[in-house]
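Trainee: Next comes the structure file protein-v7.txt, holding compact mmCIF, C-alpha atoms.
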# COMPACT_ATOMS: atom_id res chain seq x y z
CA MET O 12 29.96 8.25 28.21
CA SER O 13 28.50 5.40 30.21
CA VAL O 14 28.40 2.75 27.49
CA GLY O 15 31.12 0.21 28.07
CA THR O 16 33.57 0.13 30.94
CA SER O 17 36.49 -1.61 29.32
CA GLY O 18 37.74 -0.46 25.97
CA ALA O 19 40.74 -2.78 26.20
CA GLN O 20 38.75 -5.97 26.34
CA LYS O 21 38.18 -7.11 22.79
CA ALA O 22 35.55 -9.57 21.63
CA PRO O 23 36.50 -12.29 19.17
CA ARG O 24 36.63 -11.12 15.56
CA ALA O 25 33.74 -13.36 14.71
CA ARG O 26 30.04 -13.42 15.36
CA GLU O 27 29.46 -15.03 18.74
CA VAL O 28 25.69 -14.96 18.51
CA ARG O 29 24.01 -17.52 16.27
CA GLY O 30 20.49 -16.44 17.17
CA THR O 31 18.79 -13.41 18.61
CA PRO O 32 19.69 -12.95 22.28
CA THR O 33 16.01 -12.66 23.10
CA SER O 34 15.17 -15.98 21.45
CA ARG O 35 12.35 -17.67 23.29
CA HIS O 36 14.30 -20.91 23.42
CA GLY O 37 17.77 -19.40 23.77
CA ASP O 38 19.97 -19.22 26.83
CA PRO O 39 19.52 -15.74 28.33
CA THR O 40 22.93 -15.85 29.97
CA THR O 41 24.81 -16.41 26.74
CA GLY O 42 22.53 -14.92 24.16
CA ARG O 43 22.82 -18.10 22.11
CA ALA O 44 19.99 -19.94 20.40
CA PRO O 45 19.93 -23.74 20.21
CA ALA O 46 22.17 -25.06 17.47
CA ASP O 47 19.29 -26.93 15.85
CA LEU O 48 17.63 -23.62 14.87
CA GLY O 49 20.56 -22.81 12.62
CA ILE O 50 19.84 -19.07 12.61
CA ASP O 51 22.53 -16.82 11.17
CA PRO O 52 22.25 -13.10 11.99
CA ASP O 53 22.99 -12.34 8.34
CA ASP O 54 19.69 -14.04 7.44
CA LEU O 55 17.72 -11.38 9.32
CA PRO O 56 16.10 -8.63 7.21
CA ASP O 57 16.76 -5.92 9.81
CA GLY O 58 20.06 -4.72 11.18
CA LEU O 59 21.15 -6.54 14.34
CA VAL O 60 23.84 -5.20 16.67
CA VAL O 61 24.65 -6.94 19.96
CA ALA O 62 26.96 -5.61 22.66
CA ASP O 63 28.21 -7.57 25.67
CA GLU O 64 28.18 -6.56 29.34
CA HIS O 65 31.10 -4.20 28.72
CA GLY O 66 29.45 -2.40 25.81
CA VAL O 67 31.67 -4.12 23.22
CA VAL O 68 30.06 -5.13 19.93
CA ILE O 69 30.04 -8.92 19.52
CA CYS O 70 27.50 -9.21 16.68
CA PHE O 71 27.07 -6.95 13.64
CA ASN O 72 25.07 -8.56 10.86
CA ALA O 73 25.06 -7.84 7.13
CA ALA O 74 21.91 -5.67 7.27
CA ALA O 75 23.49 -3.49 9.97
CA ALA O 76 26.59 -3.08 7.81
CA ARG O 77 24.42 -2.06 4.85
CA ILE O 78 22.33 0.43 6.84
CA THR O 79 25.24 2.06 8.68
CA ALA O 80 27.84 1.75 5.88
CA VAL O 81 30.25 0.32 8.50
CA PRO O 82 31.93 -3.00 7.60
CA ALA O 83 31.32 -5.76 10.14
CA ALA O 84 35.10 -6.23 10.56
CA ASP O 85 35.41 -2.59 11.66
CA ALA O 86 32.51 -2.85 14.11
CA LEU O 87 33.28 -6.07 15.97
CA GLY O 88 35.33 -5.55 19.09
CA ARG O 89 34.65 -1.81 19.31
CA ARG O 90 32.42 -0.01 21.78
CA LEU O 91 28.75 0.27 20.92
CA ASP O 92 28.59 4.05 21.22
CA THR O 93 31.53 4.38 18.83
CA VAL O 94 30.13 2.02 16.22
CA LEU O 95 26.67 3.61 16.43
CA PRO O 96 27.14 7.31 17.26
CA LEU O 97 23.41 7.92 17.23
CA GLU O 98 21.78 11.29 17.82
CA ASP O 99 18.13 12.29 18.13
CA LEU O 100 16.54 14.86 15.86
CA GLU O 101 17.57 17.62 18.28
CA GLY O 102 21.25 16.69 18.10
CA ARG O 103 21.51 14.96 21.50
CA ARG O 104 23.66 11.83 21.89
CA TRP O 105 21.26 8.91 22.22
CA TRP O 106 23.49 6.66 24.31
CA GLN O 107 24.02 9.42 26.86
CA LEU O 108 20.27 9.88 27.15
CA THR O 109 19.36 6.20 27.42
CA ASP O 110 22.41 5.01 29.43
CA PRO O 111 21.66 1.26 29.08
CA TYR O 112 24.41 0.08 31.43
CA GLY O 113 24.08 2.67 34.15
CA GLY O 114 20.44 3.70 33.90
CA LEU O 115 17.32 2.43 35.62
CA ALA O 116 17.62 -1.22 36.63
CA ILE O 117 13.98 -1.86 35.81
CA ARG O 118 14.33 -0.73 32.19
CA ASN O 119 14.40 -3.59 29.69
CA ALA O 120 13.94 -1.88 26.33
CA GLN O 121 13.83 1.30 24.28
CA PRO O 122 10.90 1.73 21.89
CA GLU O 123 11.53 2.33 18.21
CA ARG O 124 12.39 5.89 17.30
CA ASN O 125 13.83 7.88 14.44
CA LEU O 126 17.53 8.66 15.03
CA LEU O 127 20.41 10.04 13.00
CA LEU O 128 23.70 8.45 11.99
CA PRO O 129 26.68 10.56 10.90
CA GLY O 130 25.84 12.47 7.75
CA ALA O 131 22.24 13.02 8.97
CA ARG O 132 21.20 9.60 7.69
CA GLU O 133 17.91 8.60 9.32
CA VAL O 134 17.45 5.14 10.79
CA LEU O 135 14.76 3.50 12.92
CA VAL O 136 16.28 2.17 16.14
CA SER O 137 14.93 0.03 18.96
CA ALA O 138 16.86 -1.68 21.75
CA ARG O 139 16.45 -4.52 24.21
CA TYR O 140 18.37 -4.87 27.48
CA VAL O 141 19.01 -8.51 28.43
CA ARG O 142 19.56 -9.01 32.17
CA THR O 143 20.63 -12.19 33.95
CA ARG O 144 17.94 -11.54 36.57
CA PRO O 145 15.25 -8.91 37.12
CA THR O 146 16.83 -5.55 38.02
CA GLY O 147 20.24 -7.16 37.61
CA PRO O 148 23.11 -5.78 35.54
CA VAL O 149 22.76 -5.62 31.76
CA HIS O 150 24.30 -8.72 30.18
CA ARG O 151 23.55 -7.86 26.56
CA VAL O 152 22.28 -4.84 24.64
CA VAL O 153 20.45 -5.89 21.48
CA VAL O 154 19.87 -3.12 18.95
CA SER O 155 17.59 -3.40 15.92
CA LEU O 156 18.12 -1.09 12.94
CA ARG O 157 15.71 -0.47 10.10
CA ASP O 158 16.03 1.68 7.02
CA THR O 159 13.57 4.56 6.75
CA GLU O 160 13.12 4.29 2.98
CA ALA O 161 9.85 2.34 3.26
CA ARG O 162 8.46 4.95 5.64
CA ARG O 163 9.59 7.73 3.32
CA ARG O 164 7.79 6.08 0.40
CA THR O 165 4.63 5.87 2.49
CA GLU O 166 4.92 9.50 3.52
CA ARG O 167 5.50 10.57 -0.10
CA SER O 168 2.46 8.56 -1.17
CA HIS O 169 0.32 10.22 1.50
CA ALA O 170 1.61 13.66 0.54
CA GLU O 171 0.88 12.96 -3.12
CA LEU O 172 -2.62 11.76 -2.24
CA ILE O 173 -3.31 14.95 -0.25
CA ALA O 174 -2.03 17.12 -3.10
CA THR O 175 -4.15 15.24 -5.64
CA VAL O 176 -7.27 15.48 -3.50
CA ALA O 177 -6.72 19.19 -2.90
CA HIS O 178 -6.31 19.78 -6.65
CA GLU O 179 -9.32 17.68 -7.61
CA LEU O 180 -11.55 19.31 -5.00
CA ARG O 181 -10.52 22.87 -5.76
CA SER O 182 -11.84 22.96 -9.33
CA PRO O 183 -15.43 21.76 -8.73
CA LEU O 184 -15.76 23.65 -5.44
CA THR O 185 -14.61 26.85 -7.14
CA SER O 186 -17.27 26.30 -9.78
CA VAL O 187 -19.97 25.57 -7.20
CA LYS O 188 -19.03 28.64 -5.18
CA GLY O 189 -18.92 30.87 -8.26
CA PHE O 190 -22.30 29.83 -9.67
CA THR O 191 -24.14 29.87 -6.34
CA ALA O 192 -22.73 33.30 -5.45
CA THR O 193 -23.74 34.63 -8.88
CA LEU O 194 -27.25 33.22 -8.62
CA LEU O 195 -27.76 34.63 -5.13
CA ALA O 196 -26.50 38.07 -6.11
CA LYS O 197 -28.20 38.41 -9.51
CA TRP O 198 -31.10 35.94 -9.48
CA GLU O 199 -33.57 38.29 -11.14
CA ARG O 200 -31.27 39.09 -14.06
CA PHE O 201 -31.11 35.52 -15.40
CA THR O 202 -33.63 33.68 -17.51
CA ASP O 203 -34.99 30.33 -16.44
CA ASP O 204 -32.80 28.57 -19.02
CA GLN O 205 -29.70 30.31 -17.69
CA LYS O 206 -30.59 29.39 -14.12
CA LYS O 207 -31.17 25.79 -15.13
CA LEU O 208 -27.78 25.60 -16.89
CA MET O 209 -25.99 26.98 -13.84
CA LEU O 210 -27.77 24.60 -11.48
CA GLU O 211 -27.00 21.65 -13.74
CA THR O 212 -23.32 22.62 -13.65
CA VAL O 213 -23.42 22.87 -9.85
CA ASP O 214 -25.09 19.45 -9.69
CA ALA O 215 -22.45 17.88 -11.96
CA ASP O 216 -19.61 19.37 -9.90
CA ALA O 217 -21.24 18.19 -6.66
CA ASN O 218 -21.41 14.67 -8.14
CA ARG O 219 -17.72 14.94 -9.00
CA VAL O 220 -16.85 15.79 -5.40
CA THR O 221 -19.04 12.94 -4.15
CA ARG O 222 -17.25 10.46 -6.43
CA LEU O 223 -13.85 11.65 -5.22
CA ILE O 224 -14.85 11.24 -1.57
CA ALA O 225 -16.17 7.74 -2.35
CA GLU O 226 -12.84 6.88 -3.99
CA LEU O 227 -10.93 8.09 -0.95
CA LEU O 228 -13.09 5.99 1.35
CA ASP O 229 -12.50 2.95 -0.87
CA ILE O 230 -8.74 3.51 -0.80
CA SER O 231 -8.81 3.80 2.99
CA ARG O 232 -10.69 0.52 3.30
CA ILE O 233 -8.45 -1.26 0.78
CA ASP O 234 -5.23 -0.09 2.47
CA SER O 235 -6.47 -1.09 5.92
CA GLY O 236 -7.95 -4.42 4.75
CA ARG O 237 -11.46 -3.37 5.78
CA LEU O 238 -13.15 -3.49 2.37
CA GLU O 239 -16.37 -5.40 2.95
CA VAL O 240 -17.81 -7.67 0.27
CA ARG O 241 -21.55 -8.37 0.56
CA ARG O 242 -22.08 -11.38 -1.68
CA GLN O 243 -25.31 -11.84 -3.61
CA PRO O 244 -26.17 -13.66 -6.84
CA VAL O 245 -24.90 -11.51 -9.73
CA ASP O 246 -25.91 -11.85 -13.38
CA ILE O 247 -22.68 -10.54 -14.86
CA GLY O 248 -24.07 -10.55 -18.41
CA ALA O 249 -27.02 -8.38 -17.42
CA ALA O 250 -24.70 -6.06 -15.46
CA VAL O 251 -22.51 -5.48 -18.52
CA GLY O 252 -25.61 -4.99 -20.67
CA ARG O 253 -26.86 -2.21 -18.37
CA HIS O 254 -23.57 -0.34 -18.71
CA ILE O 255 -23.66 -0.64 -22.49
CA GLN O 256 -27.25 0.64 -22.61
CA ALA O 257 -26.26 3.63 -20.46
CA TYR O 258 -23.50 4.56 -22.93
CA VAL O 259 -25.85 4.18 -25.88
CA ALA O 260 -28.45 6.37 -24.13
CA SER O 261 -25.78 9.05 -23.58
CA GLY O 262 -24.99 9.21 -27.30
CA GLN O 263 -22.48 6.43 -27.98
CA SER O 264 -23.19 4.25 -31.03
CA ALA O 265 -24.48 0.77 -30.23
CA ASP O 266 -22.03 -0.55 -32.82
CA ARG O 267 -19.19 0.64 -30.62
CA PHE O 268 -19.79 -2.27 -28.22
CA LEU O 269 -19.54 -6.03 -28.72
CA LEU O 270 -20.65 -8.35 -25.90
CA ARG O 271 -19.76 -12.03 -26.23
CA ILE O 272 -20.89 -14.56 -23.64
CA GLU O 273 -19.66 -18.13 -23.56
CA GLN O 274 -22.29 -20.32 -21.95
CA PRO O 275 -22.84 -21.79 -19.48
CA LEU O 276 -21.42 -19.30 -16.99
CA PRO O 277 -21.10 -20.58 -13.40
CA ALA O 278 -23.34 -18.94 -10.83
CA LEU O 279 -21.52 -15.92 -9.46
CA TRP O 280 -21.86 -14.66 -5.92
CA ALA O 281 -20.32 -11.22 -5.51
CA ASP O 282 -21.03 -7.71 -4.30
CA PRO O 283 -23.21 -6.25 -7.11
CA ASP O 284 -22.40 -2.61 -6.31
CA LYS O 285 -18.67 -3.23 -6.31
CA ILE O 286 -18.79 -5.32 -9.50
CA ASP O 287 -20.69 -2.43 -11.12
CA GLN O 288 -17.89 -0.13 -9.96
CA VAL O 289 -15.27 -2.39 -11.59
CA LEU O 290 -17.21 -2.64 -14.86
CA SER O 291 -17.90 1.11 -14.92
CA ASN O 292 -14.22 1.94 -14.53
CA LEU O 293 -12.95 -0.52 -17.13
CA LEU O 294 -15.60 0.41 -19.71
CA GLU O 295 -15.09 4.13 -19.13
CA ASN O 296 -11.36 3.73 -19.70
CA ALA O 297 -11.98 1.77 -22.91
CA VAL O 298 -14.47 4.32 -24.25
CA ARG O 299 -12.56 7.43 -23.21
CA HIS O 300 -8.98 6.37 -23.90
CA GLY O 301 -9.42 3.61 -26.48
CA GLU O 302 -10.66 3.58 -30.05
CA GLY O 303 -12.74 1.38 -32.31
CA THR O 304 -14.91 -1.41 -30.96
CA VAL O 305 -14.99 -2.08 -27.22
CA THR O 306 -15.26 -5.84 -26.79
CA ILE O 307 -16.45 -7.48 -23.58
CA ASP O 308 -15.94 -11.24 -23.30
CA LEU O 309 -17.56 -13.26 -20.53
CA ALA O 310 -16.43 -16.86 -20.15
CA PRO O 311 -16.27 -19.63 -17.58
CA SER O 312 -12.83 -20.06 -16.13
CA VAL O 313 -10.81 -21.93 -13.56
CA SER O 314 -10.68 -20.19 -10.21
CA PRO O 315 -7.46 -18.40 -9.23
CA HIS O 316 -7.41 -21.04 -6.50
CA GLU O 317 -7.59 -23.86 -9.04
CA ARG O 318 -9.37 -27.04 -8.06
CA GLU O 319 -7.69 -30.36 -8.67
CA ASP O 320 -10.51 -31.57 -10.89
CA GLY O 321 -10.09 -28.52 -13.14
CA GLU O 322 -13.80 -27.70 -12.88
CA ASN O 323 -14.80 -24.21 -14.02
CA THR O 324 -15.38 -22.42 -10.74
CA ALA O 325 -14.91 -18.82 -11.84
CA THR O 326 -16.02 -16.25 -14.36
CA SER O 327 -13.57 -14.21 -16.39
CA VAL O 328 -14.41 -10.79 -17.81
CA THR O 329 -12.22 -9.31 -20.55
CA VAL O 330 -12.57 -5.68 -21.69
CA SER O 331 -10.52 -4.69 -24.75
CA ASP O 332 -10.41 -1.90 -27.30
CA GLU O 333 -8.68 -1.12 -30.59
CA GLY O 334 -6.73 1.96 -29.58
CA THR O 335 -3.01 2.47 -29.20
CA GLY O 336 -2.89 0.45 -26.00
CA ILE O 337 -0.67 0.87 -22.98
CA PRO O 338 3.10 1.13 -23.46
CA GLU O 339 4.93 -2.01 -22.38
CA GLU O 340 7.06 -0.10 -19.89
CA SER O 341 3.93 1.26 -18.15
CA MET O 342 2.02 -1.98 -17.70
CA ASN O 343 3.58 -2.76 -14.32
CA ARG O 344 2.35 0.61 -13.00
CA VAL O 345 -1.22 0.51 -14.28
CA PHE O 346 -2.74 -0.60 -10.95
CA THR O 347 -0.74 1.80 -8.79
CA ARG O 348 -2.08 5.04 -7.37
CA PHE O 349 -2.17 8.10 -9.59
CA TRP O 350 -1.34 6.28 -12.82
CA ARG O 351 -3.05 8.14 -15.67
CA GLY O 352 -1.20 6.97 -18.76
CA SER O 353 -0.41 9.32 -21.62
CA LYS O 354 -3.78 11.07 -21.46
CA ARG O 355 -4.38 13.18 -18.41
CA GLY O 356 -7.72 13.26 -16.67
CA GLY O 357 -9.29 11.78 -13.58
CA THR O 358 -7.61 11.17 -10.26
CA GLY O 359 -5.57 8.15 -11.33
CA LEU O 360 -7.12 6.15 -8.49
CA GLY O 361 -9.72 4.13 -10.40
CA LEU O 362 -7.61 1.13 -11.44
CA TYR O 363 -6.01 0.96 -7.99
CA ILE O 364 -9.51 0.64 -6.52
CA VAL O 365 -10.54 -1.88 -9.20
CA LYS O 366 -7.62 -4.12 -8.27
CA GLY O 367 -8.49 -3.84 -4.57
CA ILE O 368 -12.13 -4.79 -5.22
CA VAL O 369 -11.25 -7.78 -7.40
CA GLU O 370 -8.73 -9.07 -4.88
CA ALA O 371 -11.21 -8.57 -2.03
CA HIS O 372 -13.44 -11.05 -3.91
CA GLY O 373 -10.54 -13.52 -4.08
CA GLY O 374 -10.01 -12.81 -7.79
CA THR O 375 -7.17 -11.59 -9.97
CA ILE O 376 -6.82 -8.87 -12.61
CA THR O 377 -4.25 -8.46 -15.37
CA VAL O 378 -3.51 -6.01 -18.16
CA GLY O 379 -2.08 -6.72 -21.58
CA ARG O 380 -2.36 -5.95 -25.27
CA ALA O 381 -5.59 -6.80 -27.08
CA PRO O 382 -5.65 -8.65 -30.44
CA GLY O 383 -6.77 -5.37 -32.04
CA GLY O 384 -3.75 -3.55 -30.62
CA GLY O 385 -5.47 -1.73 -27.78
CA ALA O 386 -5.51 -2.32 -24.04
CA GLU O 387 -6.97 -5.51 -22.61
CA PHE O 388 -8.05 -5.86 -18.98
CA ARG O 389 -9.05 -9.29 -17.73
CA PHE O 390 -10.33 -10.06 -14.27
CA THR O 391 -11.38 -13.43 -12.91
CA LEU O 392 -13.81 -13.88 -10.04
CA PRO O 393 -14.37 -17.16 -8.18
CA VAL O 394 -18.00 -18.18 -7.80
CA GLY O 395 -17.72 -17.21 -4.13
CA THR O 396 -20.75 -19.10 -2.84
CA PRO O 397 -21.37 -18.06 0.78
CA ALA O 398 -20.32 -20.68 3.31
CA HIS O 399 -23.83 -21.09 4.74
CA LEU O 400 -25.06 -22.31 1.33
CA LEU O 401 -22.34 -24.93 0.82
Show how you would write the structure in this file as structure tokens.
Mentor:
Amino acid sequence: MSVGTSGAQKAPRAREVRGTPTSRHGDPTTGRAPADLGIDPDDLPDGLVVADEHGVVICFNAAAARITAVPAADALGRRLDTVLPLEDLEGRRWWQLTDPYGGLAIRNAQPERNLLLPGAREVLVSARYVRTRPTGPVHRVVVSLRDTEARRRTERSHAELIATVAHELRSPLTSVKGFTATLLAKWERFTDDQKKLMLETVDADANRVTRLIAELLDISRIDSGRLEVRRQPVDIGAAVGRHIQAYVASGQSADRFLLRIEQPLPALWADPDKIDQVLSNLLENAVRHGEGTVTIDLAPSVSPHEREDGENTATSVTVSDEGTGIPEESMNRVFTRFWRGSKRGGTGLGLYIVKGIVEAHGGTITVGRAPGGGAEFRFTLPVGTPAHLL
């Protein structure tokens, strides 16, 4: 093993480093940061392990102790390869492969990679080699450790998304394939009414696939911060009215809906298509999962970024029903992916997208219990006047 050349030389049983050895303002020969910064390694969110020129650990912060399950008192003064017996995913000893003290003199760092601690515990590791001069001997080895739990959660979320998409696509595509194959094989045997019914079913399933693909594109844009908002003047009252008329035309009773508008509403600049998407989702949830009257309240409000003069610079939209509502323990998960509540149906992505759209407009959205006992969703949008009109 090439890490460390003197196991007898012990470092002080205290943290020598008060800042990161690579600090822009620190002394590269000592690895110390100026005292006025007042940085304690234990304040860092990631694990920090520092070894001296002999490969002896001189800094082992609290995060490193938590990640490795090795107390700092047991790590300080011991050799780096002993404290961190890291292996790659193929079982090879990482310190033998990288050889920081005896390897290439031009090497200054090791990129982050997934390595294993004893017990097959995964950890993300990166390293920096601090030299007193270019190509000179290594004066410090600075190792950063990060837990892999966040990455695991992301991977689980992606896997769940793929499974959901595969499930949601399989049903309509199976229907489309079945009806089209039947029509092609036995076209002459069906009446015009039967053909029309089959084609209408194919059309509905194709629309379902199109909506799912649109949802996936929205999620991709929201997650990457690329959701574009094309602001135009929006009459929010008229937009809600159109949705209500569509439900009435499809067979819902007009008495099922109550629209209340508190005037005057401030002029609203927003993306009309995306606001329609928000309204469609919230109203569909209230109609499908709620009971009784669906009430939509439009009122002037103070912007989420409240002005000092308290002027109404936003519009709030509240959609409530008189059903059983959302259980208290589920309210903090309503806007997460795949939340469907007690009644199954849909992809569970709609409210996640709604939240992303509202926040892309600079607004906020909340969920609570309505006066009638059902669910109440309230989102607030700032007027959002384009800068070139101010």
Trainee: May I have a table of the residues of segment 150-221 of chain O lying at most 12 Å from segment 95-106 of chain O, giving each one's closest pair of atoms and their distance in Å to one decimal, counting all atoms listed in the file, ordered by chain and ascending residue number, as CSV?
Mentor:
residue,atom,partner,partner_atom,distance
O:Val152,CA,O:Trp106,CA,11.6
O:Val154,CA,O:Leu95,CA,9.9
O:Ser155,CA,O:Leu95,CA,11.5
O:Leu156,CA,O:Leu95,CA,10.4
Trainee: Would you write out those residues with C-alpha atoms, as a CSV table (one decimal), keeping the file's coordinate frame?
Mentor:
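Contents of the output file selection25.csv:
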chain,number,residue,atom,x,y,z
O,152,VAL,CA,22.3,-4.8,24.6
O,154,VAL,CA,19.9,-3.1,19.0
O,155,SER,CA,17.6,-3.4,15.9
O,156,LEU,CA,18.1,-1.1,12.9
Trainee: Please, which residues are within 10 Å of (-11.0, -16.4, -17.2) by the file's coordinates, counting all atoms listed in the file, and could they come as a ChimeraX atom specification?
Mentor: /O:308-315,323-329,375-376,389-393
Trainee: Compile the contact shell of His300 of chain O as JSON, numbers by chain: residues with an atom at most 9 Å away, counting only C-alpha atoms, same-chain residues fewer than 4 positions apart removed.
Mentor: {"O": [295, 296, 334, 335, 336, 354]}
Trainee: Give me the residues within 10 Å of Thr347 of chain O as an MDAnalysis selection string, counting only C-alpha atoms and dropping any in the same chain fewer than 4 places off.
Mentor: chainID O and resid 343 351 359:364 366
Trainee: Within 12 Å of (0.3, 6.2, -6.8), only C-alpha atoms: residues as a PyMOL selection string?
Mentor: chain O and resi 164-175+230+344-351+358-364
Trainee: Around all the atoms of segment 200-206 of chain O listed in the file, draw an axis-aligned box and extend it by 3 Å on each of the six sides; I want its centre and edge lengths in Å to one decimal, as lines of an AutoDock Vina configuration file.
Mentor:
center_x = -32.3
center_y = 33.8
center_z = -16.5
size_x = 11.3
size_y = 16.5
size_z = 11.0
Trainee: Just the number, please: distance in Å from atom CA of Leu276 of chain O to atom CA of Tyr258 of chain O, one decimal.
Mentor: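 We find that atom CA of Leu276 of chain O and atom CA of Tyr258 of chain O lie 24.7 Å from each other.
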Trainee: Could you jot down the atom CA of His254 of chain O to atom CA of Ser331 of chain O separation for me, Å, one decimal place?
Mentor: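 Computing the Euclidean distance for atom CA of His254 of chain O and atom CA of Ser331 of chain O yields 15.0 Å.
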Trainee: Need the shell around Val61 of chain O: protein/DNA/RNA residues with any atom at most 8 Å away, counting all atoms listed in the file. Skip same-chain ones fewer than 6 positions apart. Format as a PDB file with C-alpha atoms, in the coordinates of the input?
Mentor:
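Saved result, selection-v2.pdb, follows:
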ATOM      1  CA  VAL O  68      30.060  -5.130  19.930  1.00  0.00           C
ATOM      2  CA  ILE O  69      30.040  -8.920  19.520  1.00  0.00           C
ATOM      3  CA  CYS O  70      27.500  -9.210  16.680  1.00  0.00           C
ATOM      4  CA  PHE O  71      27.070  -6.950  13.640  1.00  0.00           C
ATOM      5  CA  ARG O 151      23.550  -7.860  26.560  1.00  0.00           C
ATOM      6  CA  VAL O 152      22.280  -4.840  24.640  1.00  0.00           C
ATOM      7  CA  VAL O 153      20.450  -5.890  21.480  1.00  0.00           C
ATOM      8  CA  VAL O 154      19.870  -3.120  18.950  1.00  0.00           C
TER       9      VAL O 154
END
Trainee: Which residues are close to Asp158 of chain O, i.e. within 9 Å by only C-alpha atoms, leaving aside same-chain residues fewer than 6 positions away? Reply as an NGL selection string.
Mentor: :O and (57-58 or 78 or 133-135)
Trainee: Between atom CA of Gln263 of chain O and atom CA of Gln288 of chain O, what is the distance, to one decimal in Å?
Mentor: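 Those two atoms sit 19.7 Å apart.
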Trainee: Would you kindly return, as a PyMOL selection string, each protein, DNA or RNA residue with an atom no farther than 8 Å from any atom of Ile368 of chain O, considering all atoms listed in the file and excluding same-chain residues fewer than 5 positions away?
Mentor: chain O and resi 233+238+285-286+289
